[in-house]
Each structure stands twice: as structure tokens, then as C-alpha cells.
file data_37.cif (mmCIF, C-alpha atoms and all ligand atoms)
data_run
#
loop_
_atom_site.group_PDB
_atom_site.id
_atom_site.type_symbol
_atom_site.label_atom_id
_atom_site.label_comp_id
_atom_site.auth_asym_id
_atom_site.auth_seq_id
_atom_site.Cartn_x
_atom_site.Cartn_y
_atom_site.Cartn_z
ATOM 1 C CA MET A 29 -3.467 -16.818 -0.648
ATOM 2 C CA ARG A 30 -0.335 -16.555 -2.789
ATOM 3 C CA LEU A 31 1.712 -13.517 -1.783
ATOM 4 C CA ALA A 32 4.301 -11.594 -3.779
ATOM 5 C CA VAL A 33 6.243 -9.537 -1.244
ATOM 6 C CA VAL A 34 8.055 -6.535 -2.691
ATOM 7 C CA GLY A 35 10.513 -5.006 -0.246
ATOM 8 C CA ALA A 36 12.654 -7.155 2.025
ATOM 9 C CA GLY A 37 13.381 -4.754 4.879
ATOM 10 C CA ALA A 38 12.157 -5.347 8.433
ATOM 11 C CA VAL A 39 8.460 -5.446 7.462
ATOM 12 C CA GLY A 40 8.700 -7.349 4.144
ATOM 13 C CA SER A 41 10.999 -9.973 5.696
ATOM 14 C CA SER A 42 8.647 -10.445 8.654
ATOM 15 C CA VAL A 43 5.637 -10.817 6.348
ATOM 16 C CA ALA A 44 7.501 -13.503 4.388
ATOM 17 C CA GLU A 45 8.527 -15.278 7.611
ATOM 18 C CA LEU A 46 5.044 -15.211 9.188
ATOM 19 C CA ALA A 47 2.972 -15.859 6.030
ATOM 20 C CA GLY A 48 3.064 -19.673 6.393
ATOM 21 C CA GLU A 49 1.780 -19.448 9.967
ATOM 22 C CA TYR A 50 -1.221 -17.490 8.647
ATOM 23 C CA GLY A 51 -1.926 -20.145 5.971
ATOM 24 C CA HIS A 52 -0.444 -18.295 2.980
ATOM 25 C CA THR A 53 2.230 -19.151 0.415
ATOM 26 C CA VAL A 54 4.956 -16.690 -0.579
ATOM 27 C CA THR A 55 5.447 -17.063 -4.342
ATOM 28 C CA ALA A 56 7.853 -14.126 -4.720
ATOM 29 C CA LEU A 57 10.117 -11.988 -2.560
ATOM 30 C CA ALA A 58 11.978 -9.018 -4.025
ATOM 31 C CA ASP A 59 14.350 -6.377 -2.736
ATOM 32 C CA SER A 60 15.753 -3.444 -4.728
ATOM 33 C CA LYS A 61 18.454 -5.581 -6.383
ATOM 34 C CA GLY A 62 16.981 -9.013 -6.948
ATOM 35 C CA ALA A 63 14.160 -11.469 -6.387
ATOM 36 C CA VAL A 64 13.282 -15.082 -5.872
ATOM 37 C CA VAL A 65 10.152 -16.334 -7.606
ATOM 38 C CA ASP A 66 8.448 -19.740 -7.536
ATOM 39 C CA PRO A 67 4.734 -20.318 -8.272
ATOM 40 C CA ASP A 68 4.788 -23.300 -5.873
ATOM 41 C CA GLY A 69 6.206 -21.235 -3.032
ATOM 42 C CA ILE A 70 9.721 -19.943 -2.399
ATOM 43 C CA ASP A 71 12.062 -21.076 0.356
ATOM 44 C CA VAL A 72 11.728 -17.974 2.554
ATOM 45 C CA GLU A 73 14.444 -18.975 4.990
ATOM 46 C CA SER A 74 17.119 -19.396 2.334
ATOM 47 C CA ALA A 75 16.079 -16.164 0.559
ATOM 48 C CA LEU A 76 16.464 -14.226 3.808
ATOM 49 C CA ALA A 77 19.756 -16.002 4.537
ATOM 50 C CA ALA A 78 20.971 -14.920 1.073
ATOM 51 C CA LYS A 79 19.903 -11.370 1.891
ATOM 52 C CA ARG A 80 21.992 -11.460 5.080
ATOM 53 C CA THR A 81 25.100 -12.937 3.470
ATOM 54 C CA ASP A 82 25.021 -11.538 -0.095
ATOM 55 C CA GLY A 83 22.839 -8.451 0.415
ATOM 56 C CA VAL A 84 20.239 -9.682 -2.097
ATOM 57 C CA VAL A 85 17.392 -12.231 -1.772
ATOM 58 C CA GLY A 86 17.935 -13.992 -5.103
ATOM 59 C CA SER A 87 19.195 -13.838 -8.645
ATOM 60 C CA ALA A 88 15.945 -13.073 -10.510
ATOM 61 C CA ALA A 89 15.222 -9.483 -11.583
ATOM 62 C CA PRO A 90 13.185 -7.479 -9.008
ATOM 63 C CA GLU A 91 10.394 -6.850 -11.564
ATOM 64 C CA ASP A 92 9.940 -10.633 -12.042
ATOM 65 C CA ALA A 93 8.167 -10.616 -8.660
ATOM 66 C CA LEU A 94 5.436 -8.370 -10.107
ATOM 67 C CA ASP A 95 4.989 -10.554 -13.195
ATOM 68 C CA GLY A 96 4.779 -13.862 -11.323
ATOM 69 C CA GLU A 97 1.794 -15.765 -9.961
ATOM 70 C CA TYR A 98 0.180 -14.243 -6.881
ATOM 71 C CA ASP A 99 -3.195 -13.229 -5.449
ATOM 72 C CA VAL A 100 -1.930 -10.370 -3.292
ATOM 73 C CA LEU A 101 0.952 -7.979 -3.818
ATOM 74 C CA VAL A 102 2.417 -6.936 -0.469
ATOM 75 C CA GLU A 103 4.082 -3.564 -1.085
ATOM 76 C CA ALA A 104 6.711 -2.999 1.609
ATOM 77 C CA THR A 105 9.282 -0.815 -0.139
ATOM 78 C CA PRO A 106 10.394 2.379 1.664
ATOM 79 C CA THR A 107 7.980 5.298 1.844
ATOM 80 C CA THR A 108 8.862 8.070 -0.593
ATOM 81 C CA LEU A 109 7.279 11.506 -0.920
ATOM 82 C CA GLY A 110 5.938 13.321 -3.988
ATOM 83 C CA ASP A 111 5.405 10.746 -6.733
ATOM 84 C CA ALA A 112 5.567 7.884 -4.173
ATOM 85 C CA GLN A 113 7.677 5.797 -6.526
ATOM 86 C CA PRO A 114 8.516 2.983 -6.928
ATOM 87 C CA GLY A 115 5.659 1.930 -4.629
ATOM 88 C CA PHE A 116 2.921 3.596 -6.679
ATOM 89 C CA GLY A 117 4.082 1.838 -9.871
ATOM 90 C CA HIS A 118 3.947 -1.513 -8.084
ATOM 91 C CA VAL A 119 0.374 -0.803 -6.929
ATOM 92 C CA ARG A 120 -0.643 0.115 -10.477
ATOM 93 C CA ALA A 121 1.001 -2.987 -11.991
ATOM 94 C CA ALA A 122 -0.799 -5.342 -9.593
ATOM 95 C CA LEU A 123 -4.211 -3.657 -9.919
ATOM 96 C CA GLU A 124 -3.949 -3.603 -13.723
ATOM 97 C CA ARG A 125 -3.500 -7.373 -13.517
ATOM 98 C CA GLY A 126 -6.604 -7.624 -11.319
ATOM 99 C CA ARG A 127 -4.605 -8.550 -8.224
ATOM 100 C CA HIS A 128 -5.126 -7.341 -4.648
ATOM 101 C CA VAL A 129 -2.631 -4.997 -2.992
ATOM 102 C CA VAL A 130 -1.760 -4.723 0.694
ATOM 103 C CA LEU A 131 0.428 -1.751 1.525
ATOM 104 C CA ALA A 132 2.917 -1.241 4.331
ATOM 105 C CA ASN A 133 4.421 1.643 2.309
ATOM 106 C CA LYS A 134 2.676 4.906 3.208
ATOM 107 C CA GLY A 135 3.635 6.835 0.057
ATOM 108 C CA PRO A 136 0.908 5.755 -2.394
ATOM 109 C CA VAL A 137 -2.007 6.330 0.031
ATOM 110 C CA ALA A 138 -0.572 9.505 1.571
ATOM 111 C CA GLU A 139 0.646 11.206 -1.613
ATOM 112 C CA ARG A 140 -1.522 9.760 -4.429
ATOM 113 C CA TYR A 141 -4.643 8.534 -2.672
ATOM 114 C CA GLY A 142 -7.105 9.631 -5.359
ATOM 115 C CA GLU A 143 -5.168 7.833 -8.097
ATOM 116 C CA VAL A 144 -4.965 4.649 -6.021
ATOM 117 C CA VAL A 145 -8.746 4.733 -5.434
ATOM 118 C CA GLU A 146 -9.337 5.268 -9.166
ATOM 119 C CA LEU A 147 -7.063 2.361 -10.130
ATOM 120 C CA GLU A 148 -8.849 0.186 -7.571
ATOM 121 C CA ARG A 149 -12.240 1.170 -9.013
ATOM 122 C CA ASP A 150 -11.153 -0.057 -12.461
ATOM 123 C CA SER A 151 -9.669 -3.304 -11.137
ATOM 124 C CA ASP A 152 -10.950 -6.629 -9.820
ATOM 125 C CA GLY A 153 -8.353 -6.224 -7.071
ATOM 126 C CA GLU A 154 -8.765 -4.415 -3.744
ATOM 127 C CA VAL A 155 -6.293 -2.193 -1.895
ATOM 128 C CA LEU A 156 -5.900 -2.392 1.896
ATOM 129 C CA PHE A 157 -3.369 -0.480 4.012
ATOM 130 C CA GLU A 158 -3.861 -1.045 7.742
ATOM 131 C CA ALA A 159 -0.098 -1.432 8.248
ATOM 132 C CA THR A 160 0.584 2.136 7.079
ATOM 133 C CA VAL A 161 -0.837 3.647 10.284
ATOM 134 C CA GLY A 162 0.404 2.637 13.707
ATOM 135 C CA GLY A 163 2.056 -0.755 13.085
ATOM 136 C CA ALA A 164 0.116 -3.479 14.890
ATOM 137 C CA MET A 165 -2.733 -1.203 15.999
ATOM 138 C CA PRO A 166 -6.062 -1.699 14.184
ATOM 139 C CA VAL A 167 -6.568 1.984 13.357
ATOM 140 C CA LEU A 168 -8.082 1.901 9.856
ATOM 141 C CA SER A 169 -10.139 -1.229 10.492
ATOM 142 C CA THR A 170 -11.549 0.455 13.615
ATOM 143 C CA ILE A 171 -12.609 3.425 11.461
ATOM 144 C CA ASP A 172 -14.124 1.005 8.975
ATOM 145 C CA ASP A 173 -15.979 -0.996 11.646
ATOM 146 C CA PHE A 174 -17.188 2.082 13.480
ATOM 147 C CA GLY A 175 -18.187 3.930 10.314
ATOM 148 C CA PRO A 176 -16.073 6.941 9.287
ATOM 149 C CA GLU A 177 -19.171 9.157 9.301
ATOM 150 C CA HIS A 178 -19.566 8.550 13.056
ATOM 151 C CA ILE A 179 -16.017 9.645 13.903
ATOM 152 C CA THR A 180 -15.645 13.387 14.391
ATOM 153 C CA ALA A 181 -11.900 13.616 15.136
ATOM 154 C CA ALA A 182 -8.745 11.537 15.563
ATOM 155 C CA ARG A 183 -5.615 12.435 17.486
ATOM 156 C CA GLY A 184 -2.693 10.593 18.932
ATOM 157 C CA VAL A 185 0.925 9.623 19.183
ATOM 158 C CA LEU A 186 1.878 8.078 15.867
ATOM 159 C CA ASN A 187 5.647 7.961 15.917
ATOM 160 C CA GLY A 188 7.523 5.593 18.207
ATOM 161 C CA THR A 189 10.939 7.151 17.671
ATOM 162 C CA ALA A 190 9.839 10.678 18.620
ATOM 163 C CA ASN A 191 7.903 9.327 21.578
ATOM 164 C CA PHE A 192 10.896 7.331 22.802
ATOM 165 C CA ILE A 193 13.059 10.459 22.615
ATOM 166 C CA LEU A 194 10.548 12.667 24.468
ATOM 167 C CA SER A 195 9.925 9.987 27.133
ATOM 168 C CA ARG A 196 13.655 9.529 27.791
ATOM 169 C CA MET A 197 14.315 13.280 27.837
ATOM 170 C CA ALA A 198 11.590 13.705 30.466
ATOM 171 C CA ALA A 199 12.493 10.664 32.575
ATOM 172 C CA GLU A 200 16.271 11.157 32.621
ATOM 173 C CA GLY A 201 16.615 14.912 32.204
ATOM 174 C CA LEU A 202 18.753 14.312 29.099
ATOM 175 C CA ASP A 203 18.955 16.578 26.074
ATOM 176 C CA TYR A 204 17.667 15.817 22.582
ATOM 177 C CA GLU A 205 21.026 15.017 20.908
ATOM 178 C CA HIS A 206 22.019 12.586 23.673
ATOM 179 C CA VAL A 207 18.741 10.639 23.566
ATOM 180 C CA LEU A 208 18.682 10.584 19.759
ATOM 181 C CA ALA A 209 22.135 8.951 19.742
ATOM 182 C CA GLU A 210 20.876 6.422 22.311
ATOM 183 C CA ALA A 211 17.793 5.691 20.180
ATOM 184 C CA GLN A 212 20.039 5.076 17.157
ATOM 185 C CA ASP A 213 22.300 2.737 19.171
ATOM 186 C CA LEU A 214 19.249 0.763 20.288
ATOM 187 C CA GLY A 215 17.954 0.548 16.701
ATOM 188 C CA VAL A 216 14.777 2.453 17.655
ATOM 189 C CA ALA A 217 15.644 5.394 15.412
ATOM 190 C CA GLU A 218 16.759 4.993 11.813
ATOM 191 C CA ALA A 219 20.286 6.074 10.808
ATOM 192 C CA ASP A 220 18.454 8.977 9.147
ATOM 193 C CA PRO A 221 15.705 9.815 11.642
ATOM 194 C CA THR A 222 14.604 13.005 9.852
ATOM 195 C CA PHE A 223 11.106 11.749 8.963
ATOM 196 C CA ASP A 224 10.528 10.695 12.562
ATOM 197 C CA VAL A 225 11.838 13.698 14.489
ATOM 198 C CA GLU A 226 10.592 16.345 12.054
ATOM 199 C CA GLY A 227 7.039 15.003 12.263
ATOM 200 C CA THR A 228 6.839 13.843 8.634
ATOM 201 C CA ASP A 229 6.155 10.194 9.455
ATOM 202 C CA ALA A 230 3.367 11.074 11.922
ATOM 203 C CA ALA A 231 1.944 13.547 9.383
ATOM 204 C CA LEU A 232 1.836 10.897 6.639
ATOM 205 C CA LYS A 233 -0.129 8.626 8.993
ATOM 206 C CA CYS A 234 -2.540 11.462 9.851
ATOM 207 C CA VAL A 235 -2.989 12.226 6.144
ATOM 208 C CA ILE A 236 -3.909 8.582 5.533
ATOM 209 C CA VAL A 237 -6.419 8.696 8.419
ATOM 210 C CA ALA A 238 -7.820 11.952 6.985
ATOM 211 C CA ASN A 239 -8.229 10.337 3.561
ATOM 212 C CA VAL A 240 -10.106 7.394 5.060
ATOM 213 C CA LEU A 241 -12.308 9.630 7.237
ATOM 214 C CA ALA A 242 -13.121 11.904 4.259
ATOM 215 C CA GLN A 243 -14.495 8.951 2.227
ATOM 216 C CA GLY A 244 -13.560 10.603 -1.056
ATOM 217 C CA ASP A 245 -15.137 14.021 -0.303
ATOM 218 C CA ARG A 246 -11.654 15.509 -0.179
ATOM 219 C CA GLU A 247 -8.174 14.185 -0.943
ATOM 220 C CA TYR A 248 -5.299 14.912 1.430
ATOM 221 C CA SER A 249 -1.544 14.759 0.885
ATOM 222 C CA LEU A 250 1.419 15.832 2.990
ATOM 223 C CA GLU A 251 1.105 19.357 1.551
ATOM 224 C CA ASP A 252 -2.192 19.757 3.410
ATOM 225 C CA ALA A 253 -0.621 19.058 6.790
ATOM 226 C CA GLU A 254 0.759 21.616 9.233
ATOM 227 C CA VAL A 255 3.882 19.933 10.599
ATOM 228 C CA GLU A 256 6.322 20.732 13.380
ATOM 229 C CA GLY A 257 8.872 18.284 14.818
ATOM 230 C CA ILE A 258 10.643 17.816 18.140
ATOM 231 C CA SER A 259 14.286 18.502 17.261
ATOM 232 C CA THR A 260 14.327 21.984 18.775
ATOM 233 C CA ILE A 261 12.664 21.133 22.096
ATOM 234 C CA PRO A 262 15.104 21.885 24.931
ATOM 235 C CA GLY A 263 15.327 19.529 27.928
ATOM 236 C CA SER A 264 14.323 22.513 30.080
ATOM 237 C CA ALA A 265 10.882 22.612 28.387
ATOM 238 C CA LEU A 266 10.187 19.072 29.589
ATOM 239 C CA GLU A 267 11.405 19.965 33.106
ATOM 240 C CA LEU A 268 9.098 22.965 33.233
ATOM 241 C CA ALA A 269 6.173 20.883 32.005
ATOM 242 C CA GLN A 270 6.899 18.275 34.685
ATOM 243 C CA GLU A 271 6.754 20.871 37.481
ATOM 244 C CA ASP A 272 3.187 21.438 36.369
ATOM 245 C CA GLY A 273 2.214 17.737 36.187
ATOM 246 C CA ARG A 274 2.460 17.757 32.413
ATOM 247 C CA THR A 275 4.709 16.414 29.696
ATOM 248 C CA ILE A 276 5.300 17.000 25.983
ATOM 249 C CA ARG A 277 4.211 14.583 23.260
ATOM 250 C CA LEU A 278 4.354 14.798 19.454
ATOM 251 C CA ILE A 279 0.630 14.771 18.729
ATOM 252 C CA GLY A 280 -0.922 14.279 15.324
ATOM 253 C CA GLU A 281 -4.537 15.250 14.787
ATOM 254 C CA VAL A 282 -7.275 15.237 12.194
ATOM 255 C CA VAL A 283 -9.918 17.700 13.366
ATOM 256 C CA ASP A 284 -12.494 19.670 11.346
ATOM 257 C CA GLY A 285 -10.850 18.681 8.071
ATOM 258 C CA GLU A 286 -7.419 19.938 9.189
ATOM 259 C CA VAL A 287 -4.302 17.801 9.633
ATOM 260 C CA ARG A 288 -1.750 18.991 12.190
ATOM 261 C CA VAL A 289 1.320 17.473 13.843
ATOM 262 C CA GLY A 290 3.370 19.161 16.539
ATOM 263 C CA PRO A 291 4.645 19.017 20.099
ATOM 264 C CA ARG A 292 1.827 19.550 22.621
ATOM 265 C CA LEU A 293 1.598 19.756 26.404
ATOM 266 C CA VAL A 294 -0.440 16.866 27.813
ATOM 267 C CA PRO A 295 -1.169 15.887 31.450
ATOM 268 C CA GLU A 296 1.372 13.280 32.624
ATOM 269 C CA ASN A 297 -1.397 10.851 33.576
ATOM 270 C CA ALA A 298 -3.427 11.308 30.358
ATOM 271 C CA ALA A 299 -3.963 8.367 28.013
ATOM 272 C CA LEU A 300 -2.117 10.346 25.319
ATOM 273 C CA ALA A 301 1.077 10.388 27.427
ATOM 274 C CA VAL A 302 2.131 6.880 26.324
ATOM 275 C CA SER A 303 5.789 6.182 26.973
ATOM 276 C CA GLY A 304 8.659 4.663 25.008
ATOM 277 C CA THR A 305 7.901 3.508 21.488
ATOM 278 C CA ARG A 306 4.201 2.945 22.225
ATOM 279 C CA ASN A 307 1.593 4.635 20.004
ATOM 280 C CA ILE A 308 -2.021 5.640 20.676
ATOM 281 C CA VAL A 309 -4.913 6.905 18.576
ATOM 282 C CA GLN A 310 -7.965 8.495 20.186
ATOM 283 C CA PHE A 311 -11.138 8.719 18.167
ATOM 284 C CA GLU A 312 -13.882 11.164 19.103
ATOM 285 C CA THR A 313 -17.128 9.537 18.120
ATOM 286 C CA GLU A 314 -20.526 10.999 17.410
ATOM 287 C CA HIS A 315 -22.555 8.902 19.859
ATOM 288 C CA ALA A 316 -20.080 6.935 21.939
ATOM 289 C CA GLY A 317 -17.528 9.355 23.358
ATOM 290 C CA ARG A 318 -13.848 8.644 23.135
ATOM 291 C CA LEU A 319 -12.320 5.431 21.835
ATOM 292 C CA ASN A 320 -8.623 4.638 22.410
ATOM 293 C CA VAL A 321 -6.526 2.233 20.357
ATOM 294 C CA SER A 322 -3.002 1.731 21.693
ATOM 295 C CA GLY A 323 -0.124 -0.629 21.082
ATOM 296 C CA ARG A 324 3.096 -1.157 19.192
ATOM 297 C CA GLY A 325 3.213 1.280 16.327
ATOM 298 C CA ALA A 326 6.391 0.095 14.624
ATOM 299 C CA GLY A 327 8.664 -2.918 14.166
ATOM 300 C CA GLY A 328 8.930 -5.753 11.631
ATOM 301 C CA PRO A 329 6.753 -8.490 13.159
ATOM 302 C CA GLU A 330 4.327 -5.935 14.652
ATOM 303 C CA THR A 331 3.696 -4.240 11.297
ATOM 304 C CA ALA A 332 3.636 -7.608 9.519
ATOM 305 C CA THR A 333 0.678 -8.662 11.695
ATOM 306 C CA ALA A 334 -1.292 -5.718 10.289
ATOM 307 C CA VAL A 335 -0.316 -6.693 6.725
ATOM 308 C CA LEU A 336 -1.407 -10.279 7.328
ATOM 309 C CA ALA A 337 -4.661 -9.151 8.960
ATOM 310 C CA ASP A 338 -5.389 -7.226 5.730
ATOM 311 C CA VAL A 339 -4.559 -10.305 3.640
ATOM 312 C CA GLY A 340 -7.068 -12.209 5.791
ATOM 313 C CA ARG A 341 -9.745 -9.610 4.908
ATOM 314 C CA LEU A 342 -9.365 -10.263 1.180
ATOM 315 C CA SER A 343 -11.107 -13.004 -0.760
ATOM 316 C CA GLU A 344 -9.426 -15.067 -3.469
HETATM 317 N N1 LIG B 401 9.714 4.972 12.187
HETATM 318 C C1 LIG B 401 8.344 4.884 12.608
HETATM 319 C C2 LIG B 401 8.243 5.091 14.117
HETATM 320 C C3 LIG B 401 7.675 3.597 12.224
HETATM 321 O O1 LIG B 401 9.267 5.357 14.758
HETATM 322 O O2 LIG B 401 7.154 5.017 14.663
HETATM 323 C C4 LIG B 401 7.332 3.517 10.761
HETATM 324 O O3 LIG B 401 6.357 4.445 10.414
#
call {"tool": "encode", "arguments": {"input": "data_37.cif", "output": "C-alpha cells", "more": "lines below"}}
Ligand code: HSE
result
Amino acid sequence: MRLAVVGAGAVGSSVAELAGEYGHTVTALADSKGAVVDPDGIDVESALAAKRTDGVVGSAAPEDALDGEYDVLVEATPTTLGDAQPGFGHVRAALERGRHVVLANKGPVAERYGEVVELERDSDGEVLFEATVGGAMPVLSTIDDFGPEHITAARGVLNGTANFILSRMAAEGLDYEHVLAEAQDLGVAEADPTFDVEGTDAALKCVIVANVLAQGDREYSLEDAEVEGISTIPGSALELAQEDGRTIRLIGEVVDGEVRVGPRLVPENAALAVSGTRNIVQFETEHAGRLNVSGRGAGGPETATAVLADVGRLSE
């Protein structure tokens, strides 16, 4: 497949780097300031080297990437709330040209899901978005394989940064501010970790899961989610929980049509008590009990594997 990759952050760059290994050709790579476009395939290494040295991948205009020759648009620009722009506009442009879209950007499918489905219906292109939920973990494809109608609930740990902070607070008896600074030093937390620690990122992922489980019967957006973060949890709360064989995790859930994210007490030895940046999703199924999917929920190469798995699901 020929890929146009829009967004050259950790995920977009990793997709471009790994695409050749998966048998694909990158015909365009764009960041917010520039692009490099070649219908025969761009030189990914030199584009990423230019990004490192000059802060931009190439001298073409960013929108040239959308107008070039490609089979799949990989949308990996940052997630934005509300109108989900510029990601949503990129999705529309590709679908209107009859091209496929693979999203790593959560915005379009969390905030404007119904519109994306409608655009897809009118297009020869398909939209896939495994990478938007839980990095490398096959969450949406598991729902698809299992059949959304046979899944009665989903819950789990869907934010690596918040989980890292809670795990470290519990293990070392440190307070929130201290561990957050450590997470930023290690590059686990973003410079602006608001989305992560306030529960927004986990809520967006739950909203996407809710949209997929609802199969069009109802459309969810962030406004439908009840969200509470971890920034006000005192270290003493984790100590108290520990005395009782429990710990605190930021749990997201989609149950009975409701989407909720918040800190919850869970037994220390429960599957949900994953540690560090690990994620987990538990599905409650109609006839087969509980199904756990766990793994790396964030990171460039990890999330890129989910993007490339989606590309592999598409036909030319
Ligand atoms: N920042 C997120 C996390 C990954 O910490 O899990 C992207 O959604």
C-alpha cells in the first residue's frame, strides 16, 4: 500500500520508519509546517533527519501530502477536542477522494463519530482506528472479532501516564507532584500532562469503545462521559488502600450505555492492577465470561504497530 502519513510526532514517525518492514511505501510525510511528497516513495530517513535538525520534514506545503498519490491516509496529528480539527478535515479530504483512512488521532472518532461514519458510507474508502485505543493492544479488533453484540461491558486501565504515577506513589510512598515530575523527566508524561492525569485521554478511549460497541444505535462524545482524574489523590489514600490489600487505579468503563472514568479501589492482586505504563481492557462477554487484553498502551513504535495492523486489514 502507498501511505501518506500526516503528523510526524512519535507515532507518525514510527509508522513511516516501520512501513517498509510491513511491505508498504510511504509516498508522503507531513508535519504542521511542511511535507515531503514523492509518488515513488520518499526517503523516510532523511525526512526524519531534517525534522530533527531543522524542525520540519521537508519543504513542500503540508496540504500537498493530502493531494498526493496514496492508498491510505495515516492520520497521526495531535488529538483535539470539540471540532477535532485539523484531523477531521484530513479524514474528510481522504474519504472524498475515495481513499482509506487509518487513525491514530482520537479526536475524529471520539468527538465526531457519526460524521466520520457518514463520510465513510459515501466513500469507496474505509476508516480504521485500532491505534486510538490502548496503543499496541488489539482492543477494537477484539470487539470486531468477538462481535460487539456479545460484549456486555468493557473496563480497564487506559492511560499509561496515570497508571505509572499511581504505581510509583503506591510502591515508593511518594506524593503526586513528586512522581509527576519524575514521569516528565523520564518522558512518560507529556510536558502538559493534563489530558492524562485529569482522565480526559482515558475517557476519549472509552468513548471510542462505546461508539464501536453501540454499532450506530447511539453516538457518544466526551460530553457523555463522567470523568474524574487522579491529581487530587493524596499519597495517604494509597497507603490506606495498601493496608487493606488494595490499591487505586484510574479505571475507565463502558457499562449499560454509560461511560465513566475515575480512580477506583481494586485488589492489589487483581488483573486490573497492572503496574507502570501497562494498560489492560477487560471485556465482559455474553457467553464466555471475562476476556482480558493487556499490553503497552502508548509509545511511538507500539502505537505504530496498531496503525500498520489496520493498514494490513485494508484492501487496495
Ligand atoms: N498519553 C497516553 C498515555 C497515550 O499515557 O497512555 C496516548 O493516548
call {"tool": "resolve_selection", "arguments": {"input": "data_37.cif", "expression": "the PyMOL selection byres (((chain A and resi 122-132) around 10) and not hetatm)", "output": "number ranges by chain"}}
result
A: 31-35, 39-40, 94-95, 97-107, 115, 117-121, 133-137, 144, 147-161, 163, 331-332, 334-339, 342-344
call {"tool": "resolve_selection", "arguments": {"input": "data_37.cif", "expression": "the PyMOL selection byres (((chain A and resi 288) around 8) and not hetatm)", "output": "PyMOL selection string"}}
result
chain A and resi 231+234+253-255+280-282+286-287+289-290
call {"tool": "resolve_selection", "arguments": {"input": "data_37.cif", "expression": "the PyMOL selection byres (((not hetatm)) within 7 of (chain B and resi 401))", "output": "ChimeraX atom specification"}}
result
/A:186-190,216-217,224,229,325-327
call {"tool": "residues_around", "arguments": {"input": "data_37.cif", "residues": "segment 204-209 of chain A", "least_positions_apart": "3", "cutoff": "9 Å", "atoms": "only C-alpha atoms", "output": "PDB file with C-alpha atoms, in the coordinates of the input"}}
result
ATOM      1  CA  THR A 189      10.939   7.151  17.671  1.00  0.00           C
ATOM      2  CA  ALA A 190       9.839  10.678  18.620  1.00  0.00           C
ATOM      3  CA  PHE A 192      10.896   7.331  22.802  1.00  0.00           C
ATOM      4  CA  ILE A 193      13.059  10.459  22.615  1.00  0.00           C
ATOM      5  CA  LEU A 194      10.548  12.667  24.468  1.00  0.00           C
ATOM      6  CA  ARG A 196      13.655   9.529  27.791  1.00  0.00           C
ATOM      7  CA  MET A 197      14.315  13.280  27.837  1.00  0.00           C
ATOM      8  CA  GLN A 212      20.039   5.076  17.157  1.00  0.00           C
ATOM      9  CA  ASP A 213      22.300   2.737  19.171  1.00  0.00           C
ATOM     10  CA  LEU A 214      19.249   0.763  20.288  1.00  0.00           C
ATOM     11  CA  ALA A 217      15.644   5.394  15.412  1.00  0.00           C
ATOM     12  CA  PRO A 221      15.705   9.815  11.642  1.00  0.00           C
ATOM     13  CA  ILE A 258      10.643  17.816  18.140  1.00  0.00           C
ATOM     14  CA  SER A 259      14.286  18.502  17.261  1.00  0.00           C
ATOM     15  CA  THR A 260      14.327  21.984  18.775  1.00  0.00           C
ATOM     16  CA  ILE A 261      12.664  21.133  22.096  1.00  0.00           C
ATOM     17  CA  PRO A 262      15.104  21.885  24.931  1.00  0.00           C
ATOM     18  CA  GLY A 263      15.327  19.529  27.928  1.00  0.00           C
TER      19      GLY A 263
END
call {"tool": "atom_distance", "arguments": {"input": "data_37.cif", "atom1": "atom CA of Ala211 of chain A", "atom2": "atom CA of Gly257 of chain A"}}
result
16.3 Å
call {"tool": "closest_residue", "arguments": {"input": "data_37.cif", "among": "A:Arg140, A:Lys233, A:Gly51, A:Ile276", "to": "Leu168 of chain A", "atoms": "only C-alpha atoms"}}
result
A:Lys233
call {"tool": "atom_distance", "arguments": {"input": "data_37.cif", "atom1": "atom CA of Asn320 of chain A", "atom2": "atom CA of Ser249 of chain A"}}
result
24.8 Å
call {"tool": "atom_distance", "arguments": {"input": "data_37.cif", "atom1": "atom CA of Val240 of chain A", "atom2": "atom CA of Ile171 of chain A"}}
result
7.9 Å
call {"tool": "residues_near_point", "arguments": {"input": "data_37.cif", "point": "(12.2, -10.7, 12.6)", "cutoff": "10 Å", "atoms": "only C-alpha atoms", "output": "VMD selection string"}}
result
chain A and resid 37 to 46 327 to 330 332
call {"tool": "closest_residue", "arguments": {"input": "data_37.cif", "among": "A:Val237, A:Glu267, A:Ile70, A:Leu250", "to": "Pro166 of chain A", "atoms": "only C-alpha atoms"}}
result
A:Val237
call {"tool": "closest_residue", "arguments": {"input": "data_37.cif", "among": "A:Glu296, A:Asp111, A:Glu226, A:Asp66", "to": "Glu271 of chain A", "atoms": "only C-alpha atoms"}}
result
A:Glu296
call {"tool": "residues_around", "arguments": {"input": "data_37.cif", "residues": "Ser87 of chain A", "least_positions_apart": "6", "cutoff": "8 Å", "atoms": "all atoms listed in the file", "output": "PDB file with C-alpha atoms, keeping the file's coordinate frame"}}
result
ATOM      1  CA  GLY A  62      16.981  -9.013  -6.948  1.00  0.00           C
ATOM      2  CA  ALA A  63      14.160 -11.469  -6.387  1.00  0.00           C
ATOM      3  CA  VAL A  64      13.282 -15.082  -5.872  1.00  0.00           C
TER       4      VAL A  64
END
call {"tool": "closest_atom_pairs", "arguments": {"input": "data_37.cif", "of": "segment 119-210 of chain A", "to": "segment 312-316 of chain A", "cutoff": "8 Å", "atoms": "all atoms listed in the file", "output": "CSV"}}
result
residue,atom,partner,partner_atom,distance
A:His178,CA,A:Glu314,CA,5.1
A:Ile179,CA,A:Thr313,CA,4.4
A:Thr180,CA,A:Glu312,CA,5.5
A:Ala181,CA,A:Glu312,CA,5.1
A:Ala182,CA,A:Glu312,CA,6.2
call {"tool": "closest_residue", "arguments": {"input": "data_37.cif", "among": "A:Thr333, A:Asn297, A:Asn307, A:Gln243", "to": "Tyr141 of chain A", "atoms": "all atoms listed in the file"}}
result
A:Gln243
